[in-house]
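Report on the structure given below.
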Amino acid sequence: MPKHNRSQKKAAKRRMDNTGMRRAAAAGGTGHHHKGPDLTMLKTIPHAAGRPVNTRLAAALVAACRAGCQPCQASAIPKLAADRPTVAALAGAAFDNPLTRLASGPGTFTSEPIRAWWAAARGAGSDPDCQEHARAGLDLLEKMTEAQVTELLNDVLDHWAAGAEPDDEQSAPGIQLVTLEDLGIDPADPEPAGGTYGVTLTQIVLPGQPPLPMLTLYPQSAAAGLEDLRRRTGWKAWDESRLPAMDISWRARLDIATRSLEELVRVDAEGWDEEVLWQAAERVCLPDNWWDLIDRTEHILVAGPGAPDDGSLDAGAIATIARARFM
């Protein structure tokens with residue numbers, strides 16, 4: 001075989017390995033690409049237990065999922081499913097994080113393989129120097145069948161793709177706004193005990209963490225503001241650098257039939273409403289990407305006070321993580 005043919009064949013093989021591209025497309029250079037996230041941080045995730053992680057293939061598959069490209073997904077998923085350390089790193093970044101540990105698991109709507117993996121690997125992300133849980137999770141992955149790993153990977157990819165646009169603008173760290181208009185209390189309504197607030201829907205992406213839905217409360221009356229929120233909530237100051245503490249007494253209630261946000265309340269030990277901080281004046285359907293994201297996380301980061309236009313928070317803002325309750 002001529003030397004240049006061998007080189008071309010090796011180059012095509014590398015393209016297949018790195019992107020999941022089909023053989024014909026890799027050989028002919030006709031494959032297309034989706035702009036995706038920089039997943040080099042997966043190499044720092046302890047869940048691969050020191051084994052090599054194919055970040056380029058992981059990024060290519062996440063990008064294909066965010067773009068909704070079925071051919072690319074069908075080509076790349078089997079290749080990634082065979083790379084168990086890379087699956088472990090993707091799963092670790094998506095599910096073994098402070099939010100999931102606070103919630104005591106990835107949720108009842110995830111697959112049995114992801115719950116089994118999480119039970120073995122949980123805590124590896126909280127102590128990167130301790131490899132016991134990372135090795136246990138990877139060992140379990142390597143014992144799973146291809147079908148089980150594919151099912152687990154589908155959960156992981158759903159999590160990575162949730163709320164993201166094809167151009168991946170939402171992969172950058174920080175708070176991103178998801179526009180939602182006319183969701184708030186009518187100024188003509190009676191003033192409740194305390195200030196009146198509107199809400200802005202955003203999502204937050206912290207380095208190394210999956211996206212989390214977020215509500216920013218902004219004042220709509222003179223009584224509303226930081227002191228009012230402190231008095232009524234007991235939330236702690238938040239500097240946006242890490243997740244705030246969870247308070248299980250706070251509930252964000254959502255209507256499944258209309259896919260709308262109903263209210264933000266605090267309940268007592270018996271489940272009765274103790275404080276109604278915000279109620280929708282009218283039903284407005286949530287954006288699909290925001291609904292899908294909260295459906296997966298089952299928690300919302302709530303912070304305030306902030307600005308209504310871009311969700312930016314005031315100095316000294318306070319926050320908590322509230323549970324989502326689907327009614």
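Identifiers for the structure tokens are assigned positionally: chains receive A, B, ... in sequence, residues are indexed from 1 per chain, and ligands are indexed from 1 in the order shown.
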
Using only C-alpha atoms, which residues of region 226-263 of chain A come within 12 Å of region 302-308 of chain A, and what is the closest atom pair for each, with the distance in Å to one decimal? Give it as CSV, sorted by chain and residue number.
```
residue,atom,partner,partner_atom,distance
A:Leu226,CA,A:Pro305,CA,5.9
A:Glu227,CA,A:Pro305,CA,9.6
A:Asp228,CA,A:Pro305,CA,9.6
A:Leu229,CA,A:Gly304,CA,7.6
A:Arg230,CA,A:Gly304,CA,9.7
A:Thr233,CA,A:Ala303,CA,10.7
A:Gly234,CA,A:Ala303,CA,11.9
A:Trp235,CA,A:Ala303,CA,8.8
A:Lys236,CA,A:Ala303,CA,9.8
A:Ala237,CA,A:Ala303,CA,9.4
A:Trp238,CA,A:Ala303,CA,8.2
A:Asp239,CA,A:Ala303,CA,10.5
A:Glu240,CA,A:Ala303,CA,9.7
A:Leu243,CA,A:Val302,CA,10.6
A:Pro244,CA,A:Val302,CA,9.3
A:Ala245,CA,A:Val302,CA,10.7
A:Met246,CA,A:Val302,CA,10.0
A:Asp247,CA,A:Val302,CA,10.5
A:Trp250,CA,A:Val302,CA,9.5
A:Arg251,CA,A:Val302,CA,10.2
A:Ala252,CA,A:Val302,CA,9.1
```

| Shell of 10 Å around Gln148 (chain A), only C-alpha atoms, local chain residues under 5 positions omitted, as a PyMOL selection string | chain A and resi 81+111-114+141+143+153-154

| Straight-line distance linking CA of His133 (chain A) with CA of Ala121 (chain A), stated in Å to one decimal | 4.6 Å

For region 40-52 of chain A, work out the shell of residues within 9 Å, counting only C-alpha atoms and skipping chain neighbours fewer than 2 positions away, then give it as a PDB file with N, CA, C and O atoms, in the first residue's frame.
```
ATOM      1  N   ASP A  38     -16.393  22.935  25.326  1.00  0.00           N
ATOM      2  CA  ASP A  38     -15.029  22.529  25.655  1.00  0.00           C
ATOM      3  C   ASP A  38     -15.113  21.616  26.876  1.00  0.00           C
ATOM      4  O   ASP A  38     -15.409  22.072  27.982  1.00  0.00           O
ATOM      5  N   ASN A  54     -11.552  10.431  26.530  1.00  0.00           N
ATOM      6  CA  ASN A  54     -11.626  10.961  25.170  1.00  0.00           C
ATOM      7  C   ASN A  54     -12.545  12.177  25.159  1.00  0.00           C
ATOM      8  O   ASN A  54     -13.746  12.076  24.889  1.00  0.00           O
ATOM      9  N   THR A  55     -11.995  13.343  25.464  1.00  0.00           N
ATOM     10  CA  THR A  55     -12.816  14.547  25.580  1.00  0.00           C
ATOM     11  C   THR A  55     -13.345  15.011  24.228  1.00  0.00           C
ATOM     12  O   THR A  55     -14.413  15.614  24.155  1.00  0.00           O
ATOM     13  N   ARG A  56     -12.626  14.739  23.156  1.00  0.00           N
ATOM     14  CA  ARG A  56     -13.090  15.170  21.838  1.00  0.00           C
ATOM     15  C   ARG A  56     -14.327  14.384  21.417  1.00  0.00           C
ATOM     16  O   ARG A  56     -15.283  14.949  20.881  1.00  0.00           O
ATOM     17  N   ALA A  59     -17.236  15.600  23.584  1.00  0.00           N
ATOM     18  CA  ALA A  59     -17.727  16.910  23.155  1.00  0.00           C
ATOM     19  C   ALA A  59     -18.513  16.798  21.850  1.00  0.00           C
ATOM     20  O   ALA A  59     -19.538  17.462  21.674  1.00  0.00           O
ATOM     21  N   ARG A  84     -15.610   3.149  28.617  1.00  0.00           N
ATOM     22  CA  ARG A  84     -16.223   3.281  29.936  1.00  0.00           C
ATOM     23  C   ARG A  84     -15.617   4.404  30.796  1.00  0.00           C
ATOM     24  O   ARG A  84     -16.351   5.072  31.528  1.00  0.00           O
ATOM     25  N   PRO A  85     -14.294   4.663  30.761  1.00  0.00           N
ATOM     26  CA  PRO A  85     -13.773   5.792  31.546  1.00  0.00           C
ATOM     27  C   PRO A  85     -14.372   7.137  31.118  1.00  0.00           C
ATOM     28  O   PRO A  85     -14.650   7.994  31.963  1.00  0.00           O
ATOM     29  N   THR A  86     -14.581   7.326  29.795  1.00  0.00           N
ATOM     30  CA  THR A  86     -15.172   8.584  29.326  1.00  0.00           C
ATOM     31  C   THR A  86     -16.634   8.680  29.754  1.00  0.00           C
ATOM     32  O   THR A  86     -17.106   9.752  30.150  1.00  0.00           O
ATOM     33  N   VAL A  87     -17.349   7.559  29.709  1.00  0.00           N
ATOM     34  CA  VAL A  87     -18.730   7.540  30.213  1.00  0.00           C
ATOM     35  C   VAL A  87     -18.742   7.911  31.691  1.00  0.00           C
ATOM     36  O   VAL A  87     -19.581   8.695  32.151  1.00  0.00           O
ATOM     37  N   ALA A  88     -17.796   7.349  32.449  1.00  0.00           N
ATOM     38  CA  ALA A  88     -17.735   7.629  33.883  1.00  0.00           C
ATOM     39  C   ALA A  88     -17.486   9.110  34.149  1.00  0.00           C
ATOM     40  O   ALA A  88     -18.084   9.706  35.050  1.00  0.00           O
ATOM     41  N   ALA A  89     -16.598   9.723  33.357  1.00  0.00           N
ATOM     42  CA  ALA A  89     -16.304  11.147  33.543  1.00  0.00           C
ATOM     43  C   ALA A  89     -17.511  12.011  33.205  1.00  0.00           C
ATOM     44  O   ALA A  89     -17.846  12.951  33.936  1.00  0.00           O
ATOM     45  N   LEU A  90     -18.200  11.694  32.101  1.00  0.00           N
ATOM     46  CA  LEU A  90     -19.402  12.442  31.737  1.00  0.00           C
ATOM     47  C   LEU A  90     -20.488  12.294  32.799  1.00  0.00           C
ATOM     48  O   LEU A  90     -21.155  13.262  33.168  1.00  0.00           O
ATOM     49  N   ALA A  91     -20.667  11.060  33.291  1.00  0.00           N
ATOM     50  CA  ALA A  91     -21.683  10.817  34.318  1.00  0.00           C
ATOM     51  C   ALA A  91     -21.314  11.515  35.622  1.00  0.00           C
ATOM     52  O   ALA A  91     -22.179  12.071  36.306  1.00  0.00           O
ATOM     53  N   GLY A  92     -20.041  11.480  35.968  1.00  0.00           N
ATOM     54  CA  GLY A  92     -19.610  12.123  37.210  1.00  0.00           C
ATOM     55  C   GLY A  92     -19.863  13.613  37.196  1.00  0.00           C
ATOM     56  O   GLY A  92     -20.334  14.195  38.183  1.00  0.00           O
ATOM     57  N   ALA A  93     -19.541  14.267  36.067  1.00  0.00           N
ATOM     58  CA  ALA A  93     -19.764  15.706  35.964  1.00  0.00           C
ATOM     59  C   ALA A  93     -21.245  16.046  36.004  1.00  0.00           C
ATOM     60  O   ALA A  93     -21.646  17.076  36.540  1.00  0.00           O
ATOM     61  N   ALA A 121     -20.555   5.167  42.897  1.00  0.00           N
ATOM     62  CA  ALA A 121     -19.558   6.220  42.676  1.00  0.00           C
ATOM     63  C   ALA A 121     -19.795   7.470  43.507  1.00  0.00           C
ATOM     64  O   ALA A 121     -18.910   8.335  43.551  1.00  0.00           O
ATOM     65  N   ALA A 124     -17.288  10.548  44.937  1.00  0.00           N
ATOM     66  CA  ALA A 124     -15.957  10.648  44.325  1.00  0.00           C
ATOM     67  C   ALA A 124     -15.646  12.095  43.960  1.00  0.00           C
ATOM     68  O   ALA A 124     -14.504  12.547  44.074  1.00  0.00           O
ATOM     69  N   GLY A 125     -16.668  12.825  43.536  1.00  0.00           N
ATOM     70  CA  GLY A 125     -16.453  14.212  43.155  1.00  0.00           C
ATOM     71  C   GLY A 125     -16.196  15.133  44.319  1.00  0.00           C
ATOM     72  O   GLY A 125     -15.633  16.218  44.147  1.00  0.00           O
ATOM     73  N   ASP A 127     -14.303  14.364  46.890  1.00  0.00           N
ATOM     74  CA  ASP A 127     -12.948  14.134  47.394  1.00  0.00           C
ATOM     75  C   ASP A 127     -12.117  13.505  46.276  1.00  0.00           C
ATOM     76  O   ASP A 127     -11.957  12.281  46.209  1.00  0.00           O
ATOM     77  N   PRO A 128     -11.577  14.351  45.376  1.00  0.00           N
ATOM     78  CA  PRO A 128     -10.829  13.832  44.235  1.00  0.00           C
ATOM     79  C   PRO A 128      -9.623  12.983  44.621  1.00  0.00           C
ATOM     80  O   PRO A 128      -9.151  12.180  43.819  1.00  0.00           O
ATOM     81  N   ASP A 129      -9.101  13.162  45.829  1.00  0.00           N
ATOM     82  CA  ASP A 129      -7.925  12.401  46.241  1.00  0.00           C
ATOM     83  C   ASP A 129      -8.281  10.978  46.668  1.00  0.00           C
ATOM     84  O   ASP A 129      -7.407  10.129  46.800  1.00  0.00           O
ATOM     85  N   CYS A 130      -9.556  10.727  46.911  1.00  0.00           N
ATOM     86  CA  CYS A 130      -9.990   9.392  47.312  1.00  0.00           C
ATOM     87  C   CYS A 130     -10.553   8.668  46.094  1.00  0.00           C
ATOM     88  O   CYS A 130     -11.573   9.067  45.550  1.00  0.00           O
ATOM     89  N   GLN A 131      -9.868   7.627  45.648  1.00  0.00           N
ATOM     90  CA  GLN A 131     -10.233   6.938  44.416  1.00  0.00           C
ATOM     91  C   GLN A 131     -11.134   5.721  44.642  1.00  0.00           C
ATOM     92  O   GLN A 131     -11.538   5.078  43.674  1.00  0.00           O
ATOM     93  N   GLU A 132     -11.461   5.424  45.880  1.00  0.00           N
ATOM     94  CA  GLU A 132     -12.227   4.215  46.155  1.00  0.00           C
ATOM     95  C   GLU A 132     -13.574   4.227  45.441  1.00  0.00           C
ATOM     96  O   GLU A 132     -13.951   3.258  44.763  1.00  0.00           O
ATOM     97  N   HIS A 133     -14.317   5.325  45.569  1.00  0.00           N
ATOM     98  CA  HIS A 133     -15.636   5.405  44.946  1.00  0.00           C
ATOM     99  C   HIS A 133     -15.517   5.486  43.425  1.00  0.00           C
ATOM    100  O   HIS A 133     -16.346   4.930  42.701  1.00  0.00           O
ATOM    101  N   ALA A 134     -14.491   6.205  42.948  1.00  0.00           N
ATOM    102  CA  ALA A 134     -14.293   6.307  41.504  1.00  0.00           C
ATOM    103  C   ALA A 134     -14.037   4.931  40.896  1.00  0.00           C
ATOM    104  O   ALA A 134     -14.612   4.568  39.862  1.00  0.00           O
ATOM    105  N   ARG A 135     -13.180   4.143  41.531  1.00  0.00           N
ATOM    106  CA  ARG A 135     -12.893   2.802  41.023  1.00  0.00           C
ATOM    107  C   ARG A 135     -14.121   1.907  41.096  1.00  0.00           C
ATOM    108  O   ARG A 135     -14.380   1.103  40.191  1.00  0.00           O
ATOM    109  N   GLY A 137     -17.280   2.835  40.913  1.00  0.00           N
ATOM    110  CA  GLY A 137     -18.201   3.217  39.850  1.00  0.00           C
ATOM    111  C   GLY A 137     -17.735   2.743  38.486  1.00  0.00           C
ATOM    112  O   GLY A 137     -18.529   2.250  37.676  1.00  0.00           O
ATOM    113  N   LEU A 138     -16.427   2.868  38.220  1.00  0.00           N
ATOM    114  CA  LEU A 138     -15.894   2.427  36.941  1.00  0.00           C
ATOM    115  C   LEU A 138     -15.958   0.905  36.813  1.00  0.00           C
ATOM    116  O   LEU A 138     -16.281   0.375  35.741  1.00  0.00           O
ATOM    117  N   PRO A 207     -18.471  26.264  36.829  1.00  0.00           N
ATOM    118  CA  PRO A 207     -17.408  25.441  36.242  1.00  0.00           C
ATOM    119  C   PRO A 207     -17.462  24.001  36.739  1.00  0.00           C
ATOM    120  O   PRO A 207     -17.528  23.741  37.938  1.00  0.00           O
ATOM    121  N   GLY A 208     -17.477  23.071  35.795  1.00  0.00           N
ATOM    122  CA  GLY A 208     -17.488  21.660  36.144  1.00  0.00           C
ATOM    123  C   GLY A 208     -18.827  21.130  36.587  1.00  0.00           C
ATOM    124  O   GLY A 208     -18.929  19.983  37.016  1.00  0.00           O
TER     125      GLY A 208
END
```

| What does the distance between CA of Arg122 (chain A) and CA of His159 (chain A) come to in Å, to one decimal place? | 17.0 Å

| task | Return as an NGL selection string the full set of residues in region 147-325 of chain A whose backbone-based DSSP assignment is helix (DSSP H, G or I). | result | :A and (147-161 or 169-171 or 226-233 or 288-297)

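Going from CA of Leu212 (chain A) over to CA of Asp255 (chain A), you cover 19.3 Å.
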
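Compared by their closest atoms to Ile318 (chain A), and using only C-alpha atoms, the residues A:Thr150, A:Gly225, A:Trp160, A:Leu254 rank with A:Gly225 nearest.
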